[in-house]
Every structure is written in C-alpha cells, then in structure tokens.
$ cat structure-v7.tsv   # TSV, N, CA and C atoms
chain	number	residue	atom	x	y	z
A	1	MET	N	-14.24	219.33	-152.58
A	1	MET	CA	-15.19	220.41	-152.74
A	1	MET	C	-14.93	221.47	-151.68
A	2	LYS	N	-14.77	222.71	-152.12
A	2	LYS	CA	-14.46	223.80	-151.21
A	2	LYS	C	-15.75	224.35	-150.60
A	3	SER	N	-15.77	224.51	-149.28
A	3	SER	CA	-16.96	225.03	-148.62
A	3	SER	C	-16.95	226.56	-148.67
A	4	ILE	N	-18.13	227.15	-148.69
A	4	ILE	CA	-18.27	228.59	-148.72
A	4	ILE	C	-18.56	229.07	-147.31
A	5	PRO	N	-17.73	229.99	-146.79
A	5	PRO	CA	-17.95	230.46	-145.42
A	5	PRO	C	-19.22	231.29	-145.31
A	6	LEU	N	-19.96	231.07	-144.22
A	6	LEU	CA	-21.19	231.82	-143.98
A	6	LEU	C	-20.93	233.10	-143.20
A	7	SER	N	-19.87	233.13	-142.44
A	7	SER	CA	-19.54	234.32	-141.68
A	7	SER	C	-18.03	234.41	-141.58
A	8	ARG	N	-17.55	235.62	-141.21
A	8	ARG	CA	-16.11	235.84	-141.12
A	8	ARG	C	-15.61	235.59	-139.71
A	9	PHE	N	-15.17	234.40	-139.46
A	9	PHE	CA	-14.53	234.07	-138.20
A	9	PHE	C	-13.15	233.52	-138.52
A	10	THR	N	-12.35	233.35	-137.52
A	10	THR	CA	-10.99	232.87	-137.72
A	10	THR	C	-10.96	231.52	-138.41
A	11	TYR	N	-11.87	230.64	-138.09
A	11	TYR	CA	-11.82	229.29	-138.62
A	11	TYR	C	-12.31	229.18	-140.07
A	12	ASN	N	-13.02	230.19	-140.60
A	12	ASN	CA	-13.49	230.08	-141.97
A	12	ASN	C	-13.24	231.36	-142.78
A	13	PHE	N	-12.27	232.14	-142.39
A	13	PHE	CA	-11.97	233.39	-143.08
A	13	PHE	C	-11.18	233.11	-144.34
A	14	ALA	N	-11.68	233.59	-145.46
A	14	ALA	CA	-11.00	233.41	-146.74
A	14	ALA	C	-10.46	234.76	-147.19
A	15	LYS	N	-9.17	234.98	-147.04
A	15	LYS	CA	-8.58	236.28	-147.33
A	15	LYS	C	-8.70	236.65	-148.80
A	16	ASP	N	-8.63	235.67	-149.68
A	16	ASP	CA	-8.69	235.98	-151.10
A	16	ASP	C	-10.09	236.40	-151.55
A	17	ARG	N	-11.10	236.21	-150.75
A	17	ARG	CA	-12.47	236.51	-151.15
A	17	ARG	C	-13.05	237.72	-150.45
A	18	ASP	N	-12.50	238.14	-149.34
A	18	ASP	CA	-13.09	239.21	-148.54
A	18	ASP	C	-12.29	240.50	-148.67
A	19	GLY	N	-12.99	241.61	-148.57
A	19	GLY	CA	-12.33	242.89	-148.49
A	19	GLY	C	-12.00	243.49	-149.84
A	20	GLU	N	-11.33	244.61	-149.79
A	20	GLU	CA	-10.94	245.31	-150.99
A	20	GLU	C	-9.56	245.91	-150.78
A	21	THR	N	-8.93	246.30	-151.85
A	21	THR	CA	-7.61	246.91	-151.78
A	21	THR	C	-7.76	248.40	-152.00
A	22	ASN	N	-7.22	249.18	-151.09
A	22	ASN	CA	-7.27	250.63	-151.20
A	22	ASN	C	-6.02	251.12	-151.91
A	23	SER	N	-6.22	251.74	-153.07
A	23	SER	CA	-5.08	252.26	-153.81
A	23	SER	C	-4.96	253.77	-153.69
A	24	LEU	N	-5.87	254.39	-152.94
A	24	LEU	CA	-5.84	255.83	-152.76
A	24	LEU	C	-4.87	256.21	-151.64
A	25	PRO	N	-4.40	257.45	-151.62
A	25	PRO	CA	-3.52	257.86	-150.51
A	25	PRO	C	-4.27	257.87	-149.19
A	26	SER	N	-3.57	257.56	-148.13
A	26	SER	CA	-4.17	257.50	-146.80
A	26	SER	C	-4.56	258.89	-146.33
A	27	MET	N	-5.72	258.98	-145.66
A	27	MET	CA	-6.18	260.26	-145.13
A	27	MET	C	-5.91	260.36	-143.63
A	28	THR	N	-5.21	259.40	-143.07
A	28	THR	CA	-4.93	259.43	-141.63
A	28	THR	C	-3.73	260.32	-141.34
A	29	THR	N	-3.71	260.85	-140.14
A	29	THR	CA	-2.58	261.66	-139.68
A	29	THR	C	-1.79	260.84	-138.67
A	30	PRO	N	-0.48	260.73	-138.85
A	30	PRO	CA	0.32	259.92	-137.92
A	30	PRO	C	0.23	260.42	-136.48
A	31	ASP	N	0.42	259.50	-135.55
A	31	ASP	CA	0.49	259.77	-134.11
A	31	ASP	C	-0.80	260.37	-133.55
A	32	GLN	N	-1.93	259.99	-134.09
A	32	GLN	CA	-3.20	260.45	-133.53
A	32	GLN	C	-3.92	259.32	-132.81
A	33	ASN	N	-3.26	258.24	-132.56
A	33	ASN	CA	-3.91	257.15	-131.86
A	33	ASN	C	-3.28	256.93	-130.50
A	34	LEU	N	-4.10	256.59	-129.54
A	34	LEU	CA	-3.64	256.25	-128.20
A	34	LEU	C	-4.25	254.90	-127.85
A	35	SER	N	-3.49	254.11	-127.12
A	35	SER	CA	-4.05	252.84	-126.66
A	35	SER	C	-5.03	253.13	-125.53
A	36	LEU	N	-5.86	252.16	-125.25
A	36	LEU	CA	-6.82	252.32	-124.16
A	36	LEU	C	-6.10	252.54	-122.84
A	37	ARG	N	-5.02	251.81	-122.64
A	37	ARG	CA	-4.23	251.98	-121.41
A	37	ARG	C	-3.72	253.41	-121.28
A	38	GLU	N	-3.20	253.98	-122.40
A	38	GLU	CA	-2.67	255.34	-122.39
A	38	GLU	C	-3.79	256.37	-122.15
A	39	MET	N	-4.95	256.16	-122.76
A	39	MET	CA	-6.08	257.08	-122.54
A	39	MET	C	-6.52	257.06	-121.08
A	40	LEU	N	-6.64	255.87	-120.49
A	40	LEU	CA	-7.04	255.78	-119.08
A	40	LEU	C	-6.00	256.39	-118.17
A	41	ARG	N	-4.72	256.17	-118.47
A	41	ARG	CA	-3.65	256.74	-117.66
A	41	ARG	C	-3.72	258.27	-117.71
A	42	ARG	N	-3.87	258.83	-118.90
A	42	ARG	CA	-3.94	260.28	-119.04
A	42	ARG	C	-5.19	260.84	-118.34
A	43	TYR	N	-6.31	260.16	-118.48
A	43	TYR	CA	-7.56	260.62	-117.86
A	43	TYR	C	-7.45	260.60	-116.34
A	44	SER	N	-6.88	259.52	-115.80
A	44	SER	CA	-6.79	259.41	-114.34
A	44	SER	C	-5.82	260.42	-113.75
A	45	ARG	N	-4.87	260.89	-114.52
A	45	ARG	CA	-3.92	261.90	-114.04
A	45	ARG	C	-4.39	263.32	-114.33
A	46	GLY	N	-5.57	263.45	-114.96
A	46	GLY	CA	-6.10	264.79	-115.24
A	46	GLY	C	-5.53	265.41	-116.49
A	47	GLN	N	-4.81	264.63	-117.28
A	47	GLN	CA	-4.26	265.16	-118.53
A	47	GLN	C	-5.34	265.08	-119.62
A	48	SER	N	-5.18	265.90	-120.63
A	48	SER	CA	-6.19	265.91	-121.69
A	48	SER	C	-6.08	264.65	-122.55
A	49	VAL	N	-7.24	264.18	-122.96
A	49	VAL	CA	-7.32	263.06	-123.89
A	49	VAL	C	-7.95	263.63	-125.15
A	50	THR	N	-7.15	263.80	-126.18
A	50	THR	CA	-7.61	264.42	-127.41
A	50	THR	C	-8.50	263.46	-128.18
A	51	THR	N	-9.64	263.98	-128.61
A	51	THR	CA	-10.53	263.18	-129.45
A	51	THR	C	-10.73	263.92	-130.77
A	52	PHE	N	-11.03	263.17	-131.79
A	52	PHE	CA	-11.21	263.73	-133.12
A	52	PHE	C	-12.59	263.33	-133.64
A	53	ASP	N	-13.18	264.18	-134.45
A	53	ASP	CA	-14.46	263.88	-135.08
A	53	ASP	C	-14.20	263.07	-136.34
A	54	PRO	N	-14.65	261.82	-136.37
A	54	PRO	CA	-14.40	261.01	-137.55
A	54	PRO	C	-15.30	261.44	-138.71
A	55	VAL	N	-14.80	261.30	-139.92
A	55	VAL	CA	-15.58	261.56	-141.12
A	55	VAL	C	-15.62	260.26	-141.89
A	56	TYR	N	-16.81	259.69	-142.00
A	56	TYR	CA	-16.98	258.44	-142.71
A	56	TYR	C	-17.41	258.71	-144.14
A	57	ASP	N	-17.30	257.74	-144.97
A	57	ASP	CA	-17.66	257.88	-146.36
A	57	ASP	C	-19.11	258.32	-146.48
A	58	GLY	N	-19.35	259.47	-147.08
A	58	GLY	CA	-20.69	259.97	-147.26
A	58	GLY	C	-21.10	261.03	-146.25
A	59	ASP	N	-20.43	261.10	-145.11
A	59	ASP	CA	-20.81	262.08	-144.09
A	59	ASP	C	-20.58	263.51	-144.56
A	60	GLU	N	-19.62	263.71	-145.43
A	60	GLU	CA	-19.33	265.07	-145.86
A	60	GLU	C	-20.43	265.63	-146.76
A	61	ASP	N	-21.33	264.78	-147.25
A	61	ASP	CA	-22.43	265.24	-148.10
A	61	ASP	C	-23.65	265.67	-147.30
A	62	LEU	N	-23.66	265.40	-146.02
A	62	LEU	CA	-24.81	265.75	-145.19
A	62	LEU	C	-24.78	267.25	-144.86
A	63	PRO	N	-25.95	267.90	-144.86
A	63	PRO	CA	-25.96	269.33	-144.54
A	63	PRO	C	-25.70	269.56	-143.06
A	64	ASP	N	-25.17	270.72	-142.76
A	64	ASP	CA	-24.95	271.11	-141.36
A	64	ASP	C	-26.27	271.63	-140.82
A	65	LEU	N	-26.90	270.86	-139.95
A	65	LEU	CA	-28.22	271.20	-139.43
A	65	LEU	C	-28.17	272.21	-138.30
A	66	SER	N	-27.00	272.44	-137.74
A	66	SER	CA	-26.91	273.31	-136.57
A	66	SER	C	-27.24	274.76	-136.88
A	67	GLY	N	-27.06	275.21	-138.12
A	67	GLY	CA	-27.32	276.61	-138.45
A	67	GLY	C	-28.69	276.85	-139.05
A	68	LEU	N	-29.52	275.81	-139.14
A	68	LEU	CA	-30.84	275.96	-139.77
A	68	LEU	C	-31.88	276.43	-138.76
A	69	THR	N	-32.83	277.21	-139.25
A	69	THR	CA	-33.95	277.65	-138.40
A	69	THR	C	-34.96	276.52	-138.30
A	70	LYS	N	-35.95	276.69	-137.43
A	70	LYS	CA	-36.99	275.67	-137.27
A	70	LYS	C	-37.78	275.48	-138.56
A	71	ILE	N	-38.01	276.56	-139.27
A	71	ILE	CA	-38.76	276.47	-140.53
A	71	ILE	C	-37.94	275.70	-141.57
A	72	GLU	N	-36.65	276.01	-141.66
A	72	GLU	CA	-35.79	275.29	-142.61
A	72	GLU	C	-35.69	273.81	-142.26
A	73	LEU	N	-35.61	273.51	-140.96
A	73	LEU	CA	-35.58	272.11	-140.54
A	73	LEU	C	-36.87	271.39	-140.92
A	74	GLU	N	-38.01	272.06	-140.75
A	74	GLU	CA	-39.29	271.46	-141.12
A	74	GLU	C	-39.38	271.24	-142.62
A	75	GLU	N	-38.91	272.21	-143.41
A	75	GLU	CA	-38.91	272.05	-144.87
A	75	GLU	C	-38.02	270.88	-145.28
A	76	LEU	N	-36.86	270.77	-144.66
A	76	LEU	CA	-35.96	269.65	-144.96
A	76	LEU	C	-36.61	268.33	-144.58
A	77	ARG	N	-37.28	268.29	-143.43
A	77	ARG	CA	-37.96	267.08	-142.99
A	77	ARG	C	-39.04	266.67	-143.98
A	78	MET	N	-39.83	267.64	-144.45
A	78	MET	CA	-40.88	267.35	-145.41
A	78	MET	C	-40.30	266.85	-146.74
A	79	ASP	N	-39.19	267.45	-147.16
A	79	ASP	CA	-38.53	267.00	-148.40
A	79	ASP	C	-38.05	265.56	-148.27
A	80	VAL	N	-37.46	265.24	-147.12
A	80	VAL	CA	-36.95	263.88	-146.90
A	80	VAL	C	-38.11	262.89	-146.85
A	81	LEU	N	-39.18	263.23	-146.14
A	81	LEU	CA	-40.35	262.35	-146.07
A	81	LEU	C	-40.98	262.15	-147.45
A	82	GLY	N	-41.02	263.20	-148.25
A	82	GLY	CA	-41.54	263.09	-149.61
A	82	GLY	C	-40.69	262.17	-150.46
A	83	GLU	N	-39.38	262.27	-150.33
A	83	GLU	CA	-38.47	261.41	-151.08
A	83	GLU	C	-38.61	259.95	-150.64
A	84	ILE	N	-38.77	259.74	-149.34
A	84	ILE	CA	-38.96	258.37	-148.83
A	84	ILE	C	-40.25	257.78	-149.39
A	85	LYS	N	-41.32	258.57	-149.39
A	85	LYS	CA	-42.61	258.09	-149.93
A	85	LYS	C	-42.49	257.77	-151.41
A	86	TYR	N	-41.83	258.64	-152.16
A	86	TYR	CA	-41.64	258.42	-153.60
A	86	TYR	C	-40.87	257.13	-153.85
A	87	GLN	N	-39.77	256.92	-153.12
A	87	GLN	CA	-38.94	255.72	-153.33
A	87	GLN	C	-39.68	254.46	-152.92
A	88	ARG	N	-40.48	254.51	-151.84
A	88	ARG	CA	-41.26	253.34	-151.44
A	88	ARG	C	-42.30	252.98	-152.50
A	89	ASN	N	-42.97	254.00	-153.05
A	89	ASN	CA	-43.94	253.76	-154.12
A	89	ASN	C	-43.26	253.18	-155.35
A	90	ARG	N	-42.09	253.69	-155.67
A	90	ARG	CA	-41.33	253.19	-156.81
A	90	ARG	C	-40.96	251.72	-156.62
A	91	ILE	N	-40.54	251.38	-155.43
A	91	ILE	CA	-40.18	249.98	-155.13
A	91	ILE	C	-41.41	249.09	-155.25
A	92	GLU	N	-42.54	249.54	-154.75
A	92	GLU	CA	-43.78	248.76	-154.84
A	92	GLU	C	-44.19	248.55	-156.29
A	93	ARG	N	-44.08	249.61	-157.12
A	93	ARG	CA	-44.41	249.46	-158.54
A	93	ARG	C	-43.51	248.44	-159.21
A	94	ILE	N	-42.24	248.45	-158.87
A	94	ILE	CA	-41.30	247.50	-159.46
A	94	ILE	C	-41.64	246.08	-159.01
A	95	LYS	N	-41.98	245.92	-157.73
A	95	LYS	CA	-42.37	244.59	-157.22
A	95	LYS	C	-43.62	244.08	-157.92
A	96	HIS	N	-44.63	244.94	-158.07
A	96	HIS	CA	-45.87	244.53	-158.73
A	96	HIS	C	-45.63	244.17	-160.19
A	97	ALA	N	-44.79	244.96	-160.86
A	97	ALA	CA	-44.49	244.67	-162.27
A	97	ALA	C	-43.78	243.32	-162.39
A	98	ALA	N	-42.87	243.04	-161.47
A	98	ALA	CA	-42.15	241.76	-161.50
A	98	ALA	C	-43.11	240.61	-161.21
A	99	GLN	N	-44.02	240.79	-160.25
A	99	GLN	CA	-44.99	239.74	-159.95
A	99	GLN	C	-45.93	239.51	-161.12
A	100	ASN	N	-46.40	240.57	-161.75
A	100	ASN	CA	-47.29	240.43	-162.89
A	100	ASN	C	-46.58	239.76	-164.06
A	101	ALA	N	-45.31	240.08	-164.26
A	101	ALA	CA	-44.55	239.46	-165.35
A	101	ALA	C	-44.34	237.98	-165.07
A	102	ALA	N	-44.14	237.62	-163.82
A	102	ALA	CA	-43.92	236.22	-163.46
A	102	ALA	C	-45.20	235.41	-163.57
A	103	GLU	N	-46.34	236.05	-163.28
A	103	GLU	CA	-47.62	235.35	-163.29
A	103	GLU	C	-48.26	235.31	-164.68
A	104	ALA	N	-47.85	236.17	-165.59
A	104	ALA	CA	-48.48	236.25	-166.91
A	104	ALA	C	-48.12	235.01	-167.73
A	105	PRO	N	-49.14	234.38	-168.37
A	105	PRO	CA	-48.84	233.23	-169.22
A	105	PRO	C	-48.13	233.69	-170.50
A	106	GLU	N	-47.41	232.77	-171.12
A	106	GLU	CA	-46.62	233.12	-172.29
A	106	GLU	C	-47.48	233.53	-173.47
A	107	ASP	N	-48.70	232.97	-173.63
A	107	ASP	CA	-49.54	233.30	-174.77
A	107	ASP	C	-50.54	234.41	-174.44
A	108	ALA	N	-50.21	235.25	-173.46
A	108	ALA	CA	-51.09	236.33	-173.05
A	108	ALA	C	-51.14	237.41	-174.13
A	109	THR	N	-52.08	238.29	-173.99
A	109	THR	CA	-52.25	239.38	-174.93
A	109	THR	C	-51.06	240.33	-174.83
A	110	LEU	N	-50.50	240.67	-175.98
A	110	LEU	CA	-49.39	241.63	-176.02
A	110	LEU	C	-49.97	243.03	-176.13
A	111	VAL	N	-49.47	243.95	-175.35
A	111	VAL	CA	-49.98	245.31	-175.34
A	111	VAL	C	-48.89	246.24	-175.82
A	112	SER	N	-49.21	247.01	-176.86
A	112	SER	CA	-48.27	248.02	-177.32
A	112	SER	C	-48.75	249.38	-176.83
A	113	ASP	N	-48.04	250.44	-177.20
A	113	ASP	CA	-48.38	251.78	-176.73
A	113	ASP	C	-49.72	252.27	-177.28
A	114	ASP	N	-50.06	251.90	-178.53
A	114	ASP	CA	-51.25	252.46	-179.13
A	114	ASP	C	-52.39	251.49	-179.34
A	115	LYS	N	-52.15	250.19	-179.37
A	115	LYS	CA	-53.23	249.22	-179.58
A	115	LYS	C	-52.92	247.91	-178.91
A	116	GLU	N	-53.91	247.07	-178.82
A	116	GLU	CA	-53.76	245.76	-178.19
A	116	GLU	C	-53.72	244.70	-179.28
A	117	GLU	N	-52.77	243.77	-179.20
A	117	GLU	CA	-52.61	242.75	-180.20
A	117	GLU	C	-52.67	241.39	-179.53
A	118	THR	N	-53.20	240.41	-180.23
A	118	THR	CA	-53.18	239.04	-179.73
A	118	THR	C	-52.33	238.21	-180.66
A	119	PRO	N	-51.49	237.34	-180.10
A	119	PRO	CA	-50.63	236.52	-180.95
A	119	PRO	C	-51.47	235.54	-181.76
A	120	THR	N	-51.05	235.27	-182.96
A	120	THR	CA	-51.75	234.31	-183.81
A	120	THR	C	-50.82	233.17	-184.16
A	121	ASP	N	-51.42	231.99	-184.40
A	121	ASP	CA	-50.62	230.82	-184.75
A	121	ASP	C	-50.48	230.69	-186.24
$ encode --input "structure-v7.tsv" --output "structure tokens"
Amino acid sequence: MKSIPLSRFTYNFAKDRDGETNSLPSMTTPDQNLSLREMLRRYSRGQSVTTFDPVYDGDEDLPDLSGLTKIELEELRMDVLGEIKYQRNRIERIKHAAQNAAEAPEDATLVSDDKEETPTD
C-alpha cells in the first residue's frame, strides 16, 4: 500500500504527483542573477547591486495607485469593501442553502416558483 505524503520534504516528495509543466516560453532574461556571495562582494566594494521589480502572476492586473488622488483612492477603497461585503454575503447564502438542503427530510414539501406542492403516495 502506497502512503500519501502530507508535506513536501525530501523523504516523502513524490515528483510524479507535485508541480506542473510549463510549456510557455520563458520570460526570464539571461545573466540577471547574482549569487549572495557576489552581491555581498559588490556591496562591500561600493559597486552597484542591480535589483529588478518582480512581476508575479496577476500583479499586472492591479491598478497603479501612485497616480490616484485621495478621492479616487477613497472611491476605490469603497468599491473594494463593497465587493468584499457582497462576496461574504454570497458565501453565507450558499452555506445556509447547503445546510438547509442537508437538514431537509426527503419527504418534505416541494416548492416550485408559483405554488407549493406536497408529495403524494
């Protein structure tokens, strides 16, 4: 019987089950990496240590907040808070519907859009 790993450590890492294969072209630029030793050496000698702003999946969809006025920032904040409230209410409705469906007996009253029906034997 094969055991299922609970975490990814060297002793229980299953290569065939973890990760994904990237078939897209690489977005990295060659020779932009420095080892820690090289960065410290350059820093201690007063040489420049070039850093780059990373772009992670989804970051490019975020608005640039640096050019917004205080009013625009407040409007954006209110929009985000409204969306959070809407999604939380939606999740609660789904949870309640699932609980009600789980608790409802099988011979309960069936409700249609226009009238209420009771099952008959």
$ atom_distance --input "structure-v7.tsv" --atom1 "atom CA of A:Lys85" --atom2 "atom CA of A:Leu73"
18.3 Å
$ atom_distance --input "structure-v7.tsv" --atom1 "atom N of A:Leu68" --atom2 "atom N of A:Gly82"
19.3 Å
$ atom_distance --input "structure-v7.tsv" --atom1 "atom CA of A:Val80" --atom2 "atom CA of A:Gln99"
28.6 Å
$ select_by_dssp --input "structure-v7.tsv" --residues "stretch 50-98 of chain A" --states "helix (DSSP H, G or I)" --output "number ranges by chain"
A: 59-61, 65-67, 70-98
